[in-house]
$ cat input-v4.cif   # mmCIF, C-alpha atoms
data_input
#
loop_
_atom_site.label_atom_id
_atom_site.label_comp_id
_atom_site.auth_asym_id
_atom_site.auth_seq_id
_atom_site.Cartn_x
_atom_site.Cartn_y
_atom_site.Cartn_z
CA MET A 1 19.37 25.31 11.01
CA LYS A 2 19.83 24.49 7.34
CA CYS A 3 20.40 28.14 6.57
CA LEU A 4 23.42 28.07 8.86
CA LYS A 5 25.33 25.46 6.85
CA LEU A 6 27.09 27.79 4.44
CA ALA A 7 27.94 30.28 7.15
CA LEU A 8 29.26 27.51 9.35
CA MET A 9 31.52 25.82 6.81
CA GLY A 10 34.39 28.25 7.12
CA ALA A 11 34.14 28.51 10.88
CA ILE A 12 33.96 24.76 11.34
CA ALA A 13 36.89 24.10 9.04
CA LEU A 14 39.00 26.56 11.00
CA ALA A 15 37.97 25.11 14.36
CA ALA A 16 38.67 21.55 13.25
CA MET A 17 42.32 22.16 12.20
CA PRO A 18 44.51 19.97 14.41
CA LEU A 19 47.56 21.15 16.29
CA ALA A 20 50.46 18.83 16.98
CA ALA A 21 51.30 20.08 20.47
CA GLN A 22 50.38 17.92 23.47
CA ALA A 23 48.95 19.54 26.56
CA GLU A 24 46.70 18.86 29.52
CA PRO A 25 43.07 18.06 28.70
CA VAL A 26 41.11 21.32 28.47
CA ALA A 27 37.36 21.77 28.18
CA GLU A 28 35.30 24.92 28.03
CA VAL A 29 31.82 23.82 29.08
CA LEU A 30 28.81 25.90 28.05
CA HIS A 31 25.75 25.12 30.17
CA TYR A 32 22.73 26.67 31.90
CA TRP A 33 22.87 24.86 35.23
CA THR A 34 23.03 27.81 37.59
CA SER A 35 20.44 27.14 40.31
CA GLY A 36 21.24 25.47 43.63
CA GLY A 37 20.82 21.78 42.84
CA GLU A 38 22.04 22.21 39.27
CA ALA A 39 25.14 24.12 40.34
CA LYS A 40 26.06 21.34 42.78
CA ALA A 41 25.62 18.75 40.06
CA ILE A 42 27.82 20.48 37.49
CA LYS A 43 30.43 21.12 40.19
CA GLU A 44 30.74 17.37 40.62
CA LEU A 45 31.64 17.01 36.95
CA GLN A 46 34.17 19.82 37.19
CA GLN A 47 35.85 18.26 40.22
CA ALA A 48 35.99 14.81 38.60
CA PHE A 49 37.50 16.36 35.46
CA GLU A 50 40.14 18.26 37.42
CA LYS A 51 41.06 15.17 39.48
CA ARG A 52 41.97 13.48 36.21
CA GLY A 53 44.33 16.33 35.33
CA GLY A 54 41.95 18.37 33.22
CA LYS A 55 41.56 22.14 33.06
CA TRP A 56 37.88 23.13 33.26
CA ILE A 57 36.71 26.46 31.86
CA ASP A 58 33.23 27.13 33.17
CA ALA A 59 30.87 29.03 30.85
CA PRO A 60 27.44 29.22 32.48
CA VAL A 61 24.54 31.11 30.89
CA ALA A 62 21.72 31.83 33.33
CA GLY A 63 18.16 31.11 32.28
CA GLY A 64 16.34 27.81 32.64
CA GLY A 65 15.35 26.03 29.45
CA GLY A 66 18.51 27.01 27.58
CA ASP A 67 17.05 29.70 25.31
CA ALA A 68 19.67 32.29 26.31
CA GLN A 69 22.45 29.74 25.93
CA ALA A 70 21.30 28.86 22.39
CA ALA A 71 21.92 32.42 21.25
CA VAL A 72 25.41 32.39 22.79
CA LEU A 73 26.24 29.07 21.14
CA ARG A 74 25.13 30.18 17.70
CA SER A 75 27.28 33.32 17.84
CA ARG A 76 30.30 31.37 19.11
CA VAL A 77 30.10 28.77 16.33
CA LEU A 78 29.61 31.38 13.62
CA ALA A 79 32.65 33.22 14.97
CA GLY A 80 34.74 30.06 14.62
CA ASP A 81 35.22 29.75 18.38
CA PRO A 82 32.91 26.96 19.60
CA PRO A 83 33.11 25.69 23.19
CA ALA A 84 34.38 22.13 23.58
CA ALA A 85 31.24 20.81 25.25
CA VAL A 86 27.76 22.27 25.16
CA GLN A 87 24.61 21.29 27.02
CA ILE A 88 22.07 20.70 24.25
CA LYS A 89 19.50 18.02 23.58
CA GLY A 90 16.88 16.45 21.38
CA PRO A 91 16.63 17.36 17.69
CA ASN A 92 19.05 20.24 18.26
CA ILE A 93 21.85 17.69 18.48
CA ALA A 94 20.99 16.22 15.07
CA GLU A 95 20.67 19.69 13.53
CA TRP A 96 24.14 20.74 14.69
CA ALA A 97 25.53 17.40 13.51
CA ALA A 98 23.88 17.85 10.10
CA ALA A 99 25.54 21.26 9.87
CA GLY A 100 28.91 19.58 10.36
CA ALA A 101 29.59 21.21 13.72
CA LEU A 102 29.96 18.16 15.96
CA GLY A 103 32.82 15.74 16.54
CA ASP A 104 32.68 11.94 16.52
CA LEU A 105 32.65 10.11 19.88
CA THR A 106 32.78 6.62 18.38
CA GLU A 107 36.14 5.75 19.96
CA VAL A 108 35.14 6.44 23.56
CA ALA A 109 31.62 5.06 22.98
CA THR A 110 33.02 1.78 21.72
CA ALA A 111 35.52 1.53 24.57
CA GLN A 112 32.78 2.11 27.15
CA LYS A 113 30.17 -0.02 25.34
CA TRP A 114 27.56 2.73 25.25
CA ASP A 115 25.33 0.64 22.98
CA ASP A 116 24.94 -1.90 25.79
CA ILE A 117 24.20 0.49 28.66
CA LEU A 118 21.90 3.12 27.14
CA PRO A 119 18.15 2.76 26.47
CA GLN A 120 17.14 3.01 22.83
CA ALA A 121 15.19 6.23 23.37
CA ILE A 122 18.39 7.93 24.55
CA LYS A 123 20.57 6.43 21.81
CA ASP A 124 18.17 7.85 19.24
CA VAL A 125 18.85 11.32 20.63
CA VAL A 126 22.63 11.29 20.95
CA LYS A 127 23.49 9.44 17.72
CA TYR A 128 23.62 10.92 14.24
CA ASP A 129 24.16 8.86 11.10
CA GLY A 130 25.11 5.89 13.26
CA HIS A 131 27.77 7.73 15.27
CA TYR A 132 27.67 9.15 18.79
CA VAL A 133 28.02 12.93 18.67
CA ALA A 134 26.85 13.70 22.21
CA VAL A 135 26.95 12.02 25.62
CA PRO A 136 23.78 11.77 27.75
CA VAL A 137 23.95 12.85 31.36
CA ASN A 138 20.59 11.87 32.76
CA VAL A 139 16.89 11.26 32.33
CA HIS A 140 14.40 13.78 33.68
CA ARG A 141 10.70 13.21 33.99
CA VAL A 142 8.74 16.36 33.15
CA ASP A 143 5.23 15.43 34.31
CA TRP A 144 5.57 15.82 38.09
CA ILE A 145 3.59 17.60 40.78
CA TRP A 146 5.63 18.79 43.77
CA ALA A 147 3.44 19.45 46.77
CA ASN A 148 3.76 20.69 50.34
CA PRO A 149 1.81 18.18 52.48
CA GLU A 150 1.26 20.62 55.36
CA VAL A 151 -0.34 23.15 53.03
CA LEU A 152 -2.59 20.55 51.40
CA ALA A 153 -3.60 19.32 54.85
CA LYS A 154 -5.00 22.76 55.66
CA VAL A 155 -7.84 22.06 53.24
CA GLY A 156 -7.98 18.31 53.86
CA ALA A 157 -6.60 17.45 50.43
CA ASP A 158 -4.19 14.93 48.93
CA VAL A 159 -2.16 15.34 45.76
CA PRO A 160 -4.75 15.25 42.96
CA LYS A 161 -4.92 12.20 40.70
CA THR A 162 -7.20 13.67 38.04
CA TRP A 163 -7.50 17.14 36.55
CA ASP A 164 -10.99 17.45 38.02
CA GLU A 165 -9.48 16.73 41.43
CA PHE A 166 -6.75 19.25 40.73
CA ASN A 167 -9.32 21.95 40.03
CA ALA A 168 -11.42 21.05 43.09
CA THR A 169 -8.37 21.10 45.35
CA ALA A 170 -7.14 24.37 43.85
CA ASP A 171 -10.54 25.96 44.41
CA LYS A 172 -10.43 24.94 48.09
CA LEU A 173 -6.92 26.33 48.48
CA LYS A 174 -7.82 29.58 46.79
CA ALA A 175 -10.89 29.98 48.99
CA ALA A 176 -8.65 29.49 52.02
CA GLY A 177 -6.33 32.28 50.85
CA ILE A 178 -3.56 29.91 49.76
CA VAL A 179 -1.81 30.07 46.38
CA PRO A 180 -2.71 26.72 44.76
CA LEU A 181 0.01 26.66 42.08
CA ALA A 182 3.54 28.05 42.32
CA TYR A 183 4.24 29.27 38.81
CA GLY A 184 6.99 30.91 36.83
CA GLY A 185 5.71 33.02 33.96
CA GLN A 186 8.30 32.24 31.30
CA PRO A 187 7.43 30.69 27.92
CA TRP A 188 9.24 27.40 28.51
CA GLN A 189 7.52 27.04 31.88
CA ASP A 190 4.13 27.75 30.32
CA ALA A 191 4.84 25.02 27.77
CA THR A 192 6.00 22.62 30.50
CA VAL A 193 2.64 22.84 32.23
CA PHE A 194 0.79 22.78 28.91
CA GLU A 195 2.30 19.49 27.75
CA THR A 196 1.43 17.78 31.03
CA VAL A 197 -2.17 18.88 30.50
CA VAL A 198 -2.10 17.59 26.91
CA LEU A 199 -0.91 14.20 28.17
CA GLY A 200 -3.47 14.08 30.98
CA ILE A 201 -6.54 15.22 29.08
CA GLY A 202 -5.76 13.78 25.66
CA GLY A 203 -3.82 10.64 26.54
CA VAL A 204 -0.63 9.25 25.04
CA ASP A 205 -1.96 8.66 21.51
CA PHE A 206 -3.32 12.19 21.32
CA TYR A 207 -0.06 13.60 22.67
CA LYS A 208 1.87 11.80 19.94
CA LYS A 209 -0.46 13.01 17.19
CA ALA A 210 -0.57 16.62 18.34
CA MET A 211 2.84 17.26 19.89
CA VAL A 212 5.09 14.89 17.93
CA ASP A 213 3.37 14.30 14.57
CA LEU A 214 1.88 17.83 14.47
CA ASP A 215 -1.36 16.40 13.10
CA GLU A 216 -3.65 19.34 12.24
CA GLU A 217 -6.82 17.44 13.09
CA ALA A 218 -5.49 16.77 16.60
CA LEU A 219 -4.16 20.30 17.03
CA GLY A 220 -7.53 21.81 16.13
CA SER A 221 -9.67 19.21 17.88
CA PRO A 222 -12.18 19.62 20.71
CA THR A 223 -9.66 17.80 22.89
CA MET A 224 -7.10 20.54 22.34
CA VAL A 225 -9.79 23.11 23.15
CA LYS A 226 -10.27 21.31 26.48
CA VAL A 227 -6.52 21.51 27.09
CA PHE A 228 -6.57 25.29 26.63
CA ASP A 229 -9.68 25.46 28.82
CA GLN A 230 -7.71 23.77 31.60
CA MET A 231 -4.83 26.18 31.11
CA ARG A 232 -7.26 29.07 31.49
CA LYS A 233 -8.45 27.62 34.81
CA MET A 234 -4.89 27.27 35.98
CA ARG A 235 -4.29 30.92 35.22
CA ASP A 236 -6.69 31.63 38.09
CA TYR A 237 -4.67 29.44 40.48
CA VAL A 238 -1.40 31.38 40.35
CA ASP A 239 -0.39 34.50 42.28
CA PRO A 240 -0.25 37.91 40.56
CA ASP A 241 3.56 38.10 40.78
CA TYR A 242 4.18 35.09 38.51
CA PRO A 243 5.39 36.93 35.34
CA GLY A 244 9.09 36.38 34.73
CA ARG A 245 9.63 34.29 37.86
CA ASP A 246 12.39 31.69 37.58
CA TRP A 247 11.33 28.09 38.11
CA ASN A 248 13.51 27.56 41.20
CA LEU A 249 11.89 30.55 42.91
CA ALA A 250 8.53 28.90 42.33
CA THR A 251 9.92 25.72 43.89
CA ALA A 252 11.00 27.78 46.89
CA MET A 253 7.40 28.98 47.29
CA VAL A 254 6.32 25.37 47.81
CA MET A 255 9.19 24.72 50.22
CA ARG A 256 8.27 27.76 52.32
CA GLY A 257 4.58 26.90 52.35
CA GLU A 258 3.65 29.97 50.31
CA ALA A 259 2.03 27.75 47.66
CA ALA A 260 0.66 24.23 47.70
CA MET A 261 1.94 22.72 44.44
CA GLN A 262 4.25 23.19 41.48
CA ILE A 263 4.18 21.39 38.13
CA MET A 264 7.78 21.00 37.03
CA GLY A 265 10.31 18.39 35.96
CA ASP A 266 12.29 16.52 38.57
CA TRP A 267 15.12 19.03 38.50
CA ALA A 268 12.88 20.67 41.09
CA LYS A 269 13.78 17.81 43.42
CA GLY A 270 17.39 18.98 43.28
CA GLU A 271 16.24 22.23 44.89
CA PHE A 272 14.47 20.37 47.71
CA ALA A 273 17.55 18.20 48.24
CA ALA A 274 19.87 21.22 48.27
CA ALA A 275 17.67 22.73 51.00
CA GLY A 276 17.85 19.54 53.08
CA LYS A 277 14.21 18.60 52.49
CA LYS A 278 13.09 14.95 52.59
CA PRO A 279 10.63 13.35 50.15
CA GLY A 280 7.51 12.00 51.79
CA VAL A 281 8.12 14.26 54.79
CA ASP A 282 8.73 17.84 53.66
CA TYR A 283 7.34 17.40 50.16
CA ILE A 284 5.44 14.94 48.03
CA CYS A 285 6.21 13.96 44.45
CA ALA A 286 3.49 12.53 42.23
CA PRO A 287 3.00 12.26 38.46
CA THR A 288 0.62 14.80 36.96
CA PRO A 289 -2.74 13.20 36.16
CA SER A 290 -2.50 10.80 33.20
CA GLU A 291 -3.03 7.16 32.38
CA GLY A 292 0.48 5.77 32.40
CA GLY A 293 2.29 8.35 30.27
CA TYR A 294 5.81 9.61 30.91
CA ILE A 295 7.21 12.81 29.39
CA LEU A 296 10.93 12.41 28.84
CA ASN A 297 13.60 15.09 29.04
CA SER A 298 17.29 14.22 28.85
CA ASP A 299 20.33 16.46 29.16
CA SER A 300 23.33 15.77 26.95
CA PHE A 301 26.66 17.36 26.19
CA ALA A 302 27.46 17.65 22.51
CA MET A 303 31.12 17.82 21.61
CA PHE A 304 31.81 20.50 19.01
CA ASN A 305 34.63 20.47 16.48
CA VAL A 306 37.55 22.22 18.14
CA LYS A 307 41.18 22.84 17.27
CA GLY A 308 43.95 21.66 19.53
CA GLU A 309 44.76 18.19 20.86
CA ASP A 310 44.36 19.47 24.41
CA LYS A 311 40.73 20.30 23.73
CA LYS A 312 40.09 17.01 21.95
CA GLU A 313 41.62 15.14 24.86
CA GLY A 314 39.39 17.18 27.15
CA GLN A 315 36.32 16.13 25.19
CA ALA A 316 37.25 12.45 25.36
CA LEU A 317 37.88 12.67 29.10
CA LEU A 318 34.60 14.49 29.67
CA ALA A 319 32.67 11.88 27.71
CA GLU A 320 34.31 9.06 29.64
CA LEU A 321 33.53 10.68 32.99
CA ILE A 322 29.95 11.65 32.19
CA LEU A 323 28.83 8.09 31.48
CA GLY A 324 30.94 6.49 34.20
CA LYS A 325 28.89 4.68 36.87
CA GLU A 326 30.29 6.73 39.74
CA PHE A 327 29.52 10.09 38.18
CA GLN A 328 26.12 8.96 36.90
CA GLU A 329 25.17 8.12 40.47
CA THR A 330 26.63 11.20 42.16
CA PHE A 331 25.46 13.69 39.55
CA ASN A 332 21.87 12.46 39.40
CA LEU A 333 21.54 12.33 43.18
CA TYR A 334 22.29 16.08 43.16
CA LYS A 335 20.33 16.91 40.02
CA GLY A 336 17.10 15.13 40.97
CA SER A 337 17.15 13.06 37.79
CA ILE A 338 17.87 9.37 37.17
CA PRO A 339 20.91 7.90 35.40
CA ALA A 340 21.03 7.72 31.63
CA ARG A 341 22.76 4.34 31.76
CA MET A 342 20.58 1.45 32.85
CA ASP A 343 23.04 -0.47 35.06
CA VAL A 344 23.54 2.04 37.87
CA PRO A 345 22.38 0.69 41.27
CA MET A 346 19.41 2.63 42.63
CA ASP A 347 19.90 1.85 46.33
CA LYS A 348 21.07 5.40 47.13
CA PHE A 349 18.20 7.05 45.26
CA ASP A 350 15.02 8.23 46.95
CA ALA A 351 11.44 7.11 46.42
CA CYS A 352 10.80 9.79 43.76
CA ALA A 353 13.75 8.61 41.66
CA ILE A 354 12.81 4.96 42.05
CA LYS A 355 9.24 5.78 41.00
CA SER A 356 10.62 7.63 37.98
CA MET A 357 12.84 4.69 36.97
CA GLU A 358 10.02 2.17 37.40
CA ASP A 359 7.57 4.31 35.44
CA MET A 360 10.09 4.97 32.66
CA THR A 361 10.82 1.26 32.31
CA ALA A 362 7.09 0.48 32.14
CA ALA A 363 6.43 3.35 29.71
CA ALA A 364 9.24 2.19 27.41
CA LYS A 365 7.77 -1.33 27.45
CA ASN A 366 4.21 -0.11 26.84
CA ASN A 367 5.15 2.51 24.23
CA THR A 368 3.82 5.32 26.42
CA LEU A 369 7.15 7.14 26.72
CA VAL A 370 6.93 10.50 24.93
CA GLY A 371 9.40 13.30 24.38
CA SER A 372 8.97 16.78 25.81
CA VAL A 373 8.24 19.65 23.43
CA ALA A 374 8.97 22.35 26.01
CA HIS A 375 12.41 20.85 26.65
CA GLU A 376 13.37 20.22 23.03
CA ILE A 377 13.18 16.44 22.90
CA ALA A 378 10.15 15.99 20.61
CA GLN A 379 10.51 19.29 18.74
CA ALA A 380 13.22 21.88 18.36
CA GLY A 381 13.83 25.29 16.92
CA ALA A 382 10.97 27.10 15.22
CA VAL A 383 8.31 24.43 15.89
CA ARG A 384 9.04 24.42 19.62
CA GLY A 385 8.96 28.22 19.47
CA ALA A 386 5.53 28.13 17.85
CA PHE A 387 4.15 26.11 20.77
CA LEU A 388 5.77 28.44 23.30
CA ASP A 389 4.49 31.59 21.59
CA VAL A 390 0.86 30.50 21.36
CA VAL A 391 0.67 28.87 24.79
CA THR A 392 2.19 31.94 26.44
CA ALA A 393 -0.01 34.35 24.50
CA HIS A 394 -3.12 32.41 25.53
CA PHE A 395 -2.09 32.13 29.19
CA ASN A 396 -1.42 35.85 29.50
CA SER A 397 -4.50 37.18 27.70
CA ASP A 398 -8.23 36.68 27.27
CA MET A 399 -7.73 34.68 24.07
CA SER A 400 -10.38 32.00 23.73
CA SER A 401 -9.43 28.33 23.63
CA GLU A 402 -10.88 28.00 20.14
CA GLU A 403 -8.80 30.90 18.88
CA ALA A 404 -5.71 29.42 20.54
CA THR A 405 -6.07 26.16 18.62
CA LYS A 406 -6.36 28.06 15.33
CA LYS A 407 -3.32 30.18 16.13
CA LEU A 408 -1.39 27.06 17.12
CA ILE A 409 -2.00 25.44 13.73
CA GLU A 410 -1.08 28.66 11.91
CA ALA A 411 2.12 29.13 13.92
CA ILE A 412 3.26 25.54 13.45
CA ASN A 413 2.59 25.64 9.69
CA LEU A 414 4.71 28.77 9.44
CA ALA A 415 7.47 27.20 11.49
CA LYS A 416 7.71 23.91 9.60
#
$ encode --input "input-v4.cif" --output "structure tokens"
Amino acid sequence: MKCLKLALMGAIALAAMPLAAQAEPVAEVLHYWTSGGEAKAIKELQQAFEKRGGKWIDAPVAGGGGDAQAAVLRSRVLAGDPPAAVQIKGPNIAEWAAAGALGDLTEVATAQKWDDILPQAIKDVVKYDGHYVAVPVNVHRVDWIWANPEVLAKVGADVPKTWDEFNATADKLKAAGIVPLAYGGQPWQDATVFETVVLGIGGVDFYKKAMVDLDEEALGSPTMVKVFDQMRKMRDYVDPDYPGRDWNLATAMVMRGEAAMQIMGDWAKGEFAAAGKKPGVDYICAPTPSEGGYILNSDSFAMFNVKGEDKKEGQALLAELILGKEFQETFNLYKGSIPARMDVPMDKFDACAIKSMEDMTAAAKNNTLVGSVAHEIAQAGAVRGAFLDVVTAHFNSDMSSEEATKKLIEAINLAK
């Protein structure tokens, strides 16, 4: 991102020039929430914005994980025409702020007392140099298994609590002619599964060393070899049509009973909810096997420097609405996530959400809350790409686990 600074300076300066004219609040919102549950959630924000007199310009970019959107955003900013609000997260927020591309939300943050209602882990993400530059929408847990109880019952199995149990159950399902794992063969999905295996096999301390600190000894360790060994086993548990499949289509396989389980963040729950499915009845949610870890993903909207008071008013209104109690509740009920602010009543949320909130609170207290690499919380840009490239190359080839660890170290060193 540093190499963008010079190219951005002219574009940002142009975009930031104020206009004196007053107009209705306007916001062009760039996002990648296009699946069923996600689309319902973003529609709630649009309707709330329009009820307050705002003009919403929807700019969706299909493709889970946001990789396609990132390319659109970069070209828009370089052209001097940034959207008002953009769905980005993790270190990407700080990188855009360091490049001078983001506005300052201090006024609305102070008025709404964001410092008092947000957990520290979230504040660390959406603040830069002591100022709020983005507004958090939610908290997603990444390390979930979503299972069809009727399918598991066919082989007399429960949701596995260890990776050995996972393999034993998957072997039974496969022998019975059932697809054990609904899977979408896209790099960010490969990395999503990979990081849950890292957490489960290596533990929280190992996850932090390897995935966050990028410690070479951890990355090249026998433990990481075991992680890739487990990924190789899981390659045998997916159906042959997995390459390129979108994550929500994999979720639909579980809903229809075509597969037993899916490993995916709790945005998958939004798909079950949109289809009228009930937790504990039509599907089961359970953390992937680990000893108390919690992999955090959080969506935020960063507010880019824009010209025109109407757009700036739109940004302020959006920020106010996004962290309002009413929207935090409604949005996250649709999205499958839990509120970013800590004072939202949970009485309308289901057992999966309550479990997520309880586990996140415990993980924060016990220092076992870790950021997702696949979803750009712990790493961003080239380093995240290095993980995705190697994990995907290993999953889709006969590459040995030992070779994968060596390639991972090489790729990360090049990316840093």
$ closest_residue --input "input-v4.cif" --among "A:Val29, A:Val151, A:Leu369, A:Ala98" --to "Ile295 in chain A" --atoms "only C-alpha atoms"
A:Leu369
$ closest_residue --input "input-v4.cif" --among "A:Glu329, A:Asp343, A:Glu410, A:Asp350" --to "Asp116 in chain A" --atoms "only C-alpha atoms"
A:Asp343
$ resolve_selection --input "input-v4.cif" --expression "the PyMOL selection byres ((chain A and resi 219-227) around 9)" --output "list in words"
Phe194, Val197, Val198, Gly200, Ile201, Gly202, Phe206, Lys209, Ala210, Met211, Leu214, Asp215, Glu216, Glu217, Ala218, Phe228, Asp229, Gln230, Met231, Arg232, Ser400, Ser401, Glu402, Glu403, Ala404, Thr405, Lys406, Leu408 and Ile409 of chain A
$ closest_residue --input "input-v4.cif" --among "A:Trp247, A:Tyr32, A:Phe395, A:Tyr132" --to "Ala70 in chain A" --atoms "all atoms listed in the file"
A:Tyr32
$ residues_around --input "input-v4.cif" --residues "Ala94 in chain A" --least-positions-apart "6" --cutoff "9 Å" --atoms "only C-alpha atoms" --output "PyMOL selection string"
chain A and resi 125-129+133
$ residues_around --input "input-v4.cif" --residues "Leu118 in chain A" --least-positions-apart "2" --cutoff "10 Å" --atoms "all atoms listed in the file" --output "PyMOL selection string"
chain A and resi 113-116+120-124+136+323+339-343
$ residues_around --input "input-v4.cif" --residues "Trp267 in chain A" --least-positions-apart "3" --cutoff "6 Å" --atoms "all atoms listed in the file" --output "ChimeraX atom specification"
/A:270,335-336
$ closest_residue --input "input-v4.cif" --among "A:Glu165, A:Arg245, A:Phe331, A:Glu258" --to "Trp188 in chain A" --atoms "only C-alpha atoms"
A:Arg245
$ resolve_selection --input "input-v4.cif" --expression "the PyMOL selection byres ((chain A and resi 37) around 6)" --output "PyMOL selection string"
chain A and resi 35-36+38-40+270-271+274+334-335
$ closest_residue --input "input-v4.cif" --among "A:Asn305, A:Asn332, A:Ser356, A:Asn367" --to "Ala97 in chain A" --atoms "all atoms listed in the file"
A:Asn305
$ closest_residue --input "input-v4.cif" --among "A:Asn92, A:Gln186, A:Gln262, A:Asn138" --to "Ala41 in chain A" --atoms "all atoms listed in the file"
A:Asn138
$ resolve_selection --input "input-v4.cif" --expression "the PyMOL selection byres ((chain A and resi 254) around 12)" --output "PDB file with C-alpha atoms, keeping the file's coordinate frame"
ATOM      1  CA  ILE A 145       3.590  17.600  40.780  1.00  0.00           C
ATOM      2  CA  TRP A 146       5.630  18.790  43.770  1.00  0.00           C
ATOM      3  CA  ALA A 147       3.440  19.450  46.770  1.00  0.00           C
ATOM      4  CA  ASN A 148       3.760  20.690  50.340  1.00  0.00           C
ATOM      5  CA  PRO A 149       1.810  18.180  52.480  1.00  0.00           C
ATOM      6  CA  GLU A 150       1.260  20.620  55.360  1.00  0.00           C
ATOM      7  CA  VAL A 151      -0.340  23.150  53.030  1.00  0.00           C
ATOM      8  CA  LEU A 152      -2.590  20.550  51.400  1.00  0.00           C
ATOM      9  CA  ILE A 178      -3.560  29.910  49.760  1.00  0.00           C
ATOM     10  CA  VAL A 179      -1.810  30.070  46.380  1.00  0.00           C
ATOM     11  CA  PRO A 180      -2.710  26.720  44.760  1.00  0.00           C
ATOM     12  CA  LEU A 181       0.010  26.660  42.080  1.00  0.00           C
ATOM     13  CA  ALA A 182       3.540  28.050  42.320  1.00  0.00           C
ATOM     14  CA  TYR A 183       4.240  29.270  38.810  1.00  0.00           C
ATOM     15  CA  TRP A 247      11.330  28.090  38.110  1.00  0.00           C
ATOM     16  CA  ASN A 248      13.510  27.560  41.200  1.00  0.00           C
ATOM     17  CA  LEU A 249      11.890  30.550  42.910  1.00  0.00           C
ATOM     18  CA  ALA A 250       8.530  28.900  42.330  1.00  0.00           C
ATOM     19  CA  THR A 251       9.920  25.720  43.890  1.00  0.00           C
ATOM     20  CA  ALA A 252      11.000  27.780  46.890  1.00  0.00           C
ATOM     21  CA  MET A 253       7.400  28.980  47.290  1.00  0.00           C
ATOM     22  CA  MET A 255       9.190  24.720  50.220  1.00  0.00           C
ATOM     23  CA  ARG A 256       8.270  27.760  52.320  1.00  0.00           C
ATOM     24  CA  GLY A 257       4.580  26.900  52.350  1.00  0.00           C
ATOM     25  CA  GLU A 258       3.650  29.970  50.310  1.00  0.00           C
ATOM     26  CA  ALA A 259       2.030  27.750  47.660  1.00  0.00           C
ATOM     27  CA  ALA A 260       0.660  24.230  47.700  1.00  0.00           C
ATOM     28  CA  MET A 261       1.940  22.720  44.440  1.00  0.00           C
ATOM     29  CA  GLN A 262       4.250  23.190  41.480  1.00  0.00           C
ATOM     30  CA  ILE A 263       4.180  21.390  38.130  1.00  0.00           C
ATOM     31  CA  MET A 264       7.780  21.000  37.030  1.00  0.00           C
ATOM     32  CA  ALA A 268      12.880  20.670  41.090  1.00  0.00           C
ATOM     33  CA  LYS A 269      13.780  17.810  43.420  1.00  0.00           C
ATOM     34  CA  GLU A 271      16.240  22.230  44.890  1.00  0.00           C
ATOM     35  CA  PHE A 272      14.470  20.370  47.710  1.00  0.00           C
ATOM     36  CA  LYS A 277      14.210  18.600  52.490  1.00  0.00           C
ATOM     37  CA  ASP A 282       8.730  17.840  53.660  1.00  0.00           C
ATOM     38  CA  TYR A 283       7.340  17.400  50.160  1.00  0.00           C
ATOM     39  CA  ILE A 284       5.440  14.940  48.030  1.00  0.00           C
ATOM     40  CA  CYS A 285       6.210  13.960  44.450  1.00  0.00           C
TER      41      CYS A 285
END
$ closest_atom_pairs --input "input-v4.cif" --of "range 278-373 of chain A" --to "range 45-63 of chain A" --cutoff "9 Å" --atoms "only C-alpha atoms" --output "CSV"
residue,atom,partner,partner_atom,distance
A:Glu313,CA,A:Gly54,CA,9.0
A:Gly314,CA,A:Gly54,CA,6.7
A:Leu317,CA,A:Phe49,CA,7.4
A:Leu318,CA,A:Phe49,CA,6.7
A:Leu321,CA,A:Phe49,CA,7.4
A:Ile322,CA,A:Leu45,CA,7.4
A:Phe327,CA,A:Leu45,CA,7.3
A:Phe331,CA,A:Leu45,CA,7.5
$ atom_distance --input "input-v4.cif" --atom1 "CA of Ala170 in chain A" --atom2 "CA of His375 in chain A"
26.3 Å
$ atom_distance --input "input-v4.cif" --atom1 "CA of Ala153 in chain A" --atom2 "CA of Ala191 in chain A"
28.9 Å
$ residues_around --input "input-v4.cif" --residues "Val390 in chain A" --least-positions-apart "3" --cutoff "8 Å" --atoms "all atoms listed in the file" --output "PyMOL selection string"
chain A and resi 386-387+393-394+404+407-408+411
$ write_last_selection --input "input-v4.cif" --atoms "C-alpha atoms" --output "PDB file, in the coordinates of the input"
ATOM      1  CA  ALA A 386       5.530  28.130  17.850  1.00  0.00           C
ATOM      2  CA  PHE A 387       4.150  26.110  20.770  1.00  0.00           C
ATOM      3  CA  ALA A 393      -0.010  34.350  24.500  1.00  0.00           C
ATOM      4  CA  HIS A 394      -3.120  32.410  25.530  1.00  0.00           C
ATOM      5  CA  ALA A 404      -5.710  29.420  20.540  1.00  0.00           C
ATOM      6  CA  LYS A 407      -3.320  30.180  16.130  1.00  0.00           C
ATOM      7  CA  LEU A 408      -1.390  27.060  17.120  1.00  0.00           C
ATOM      8  CA  ALA A 411       2.120  29.130  13.920  1.00  0.00           C
TER       9      ALA A 411
END
$ atom_distance --input "input-v4.cif" --atom1 "CA of Glu44 in chain A" --atom2 "CA of Leu105 in chain A"
22.1 Å
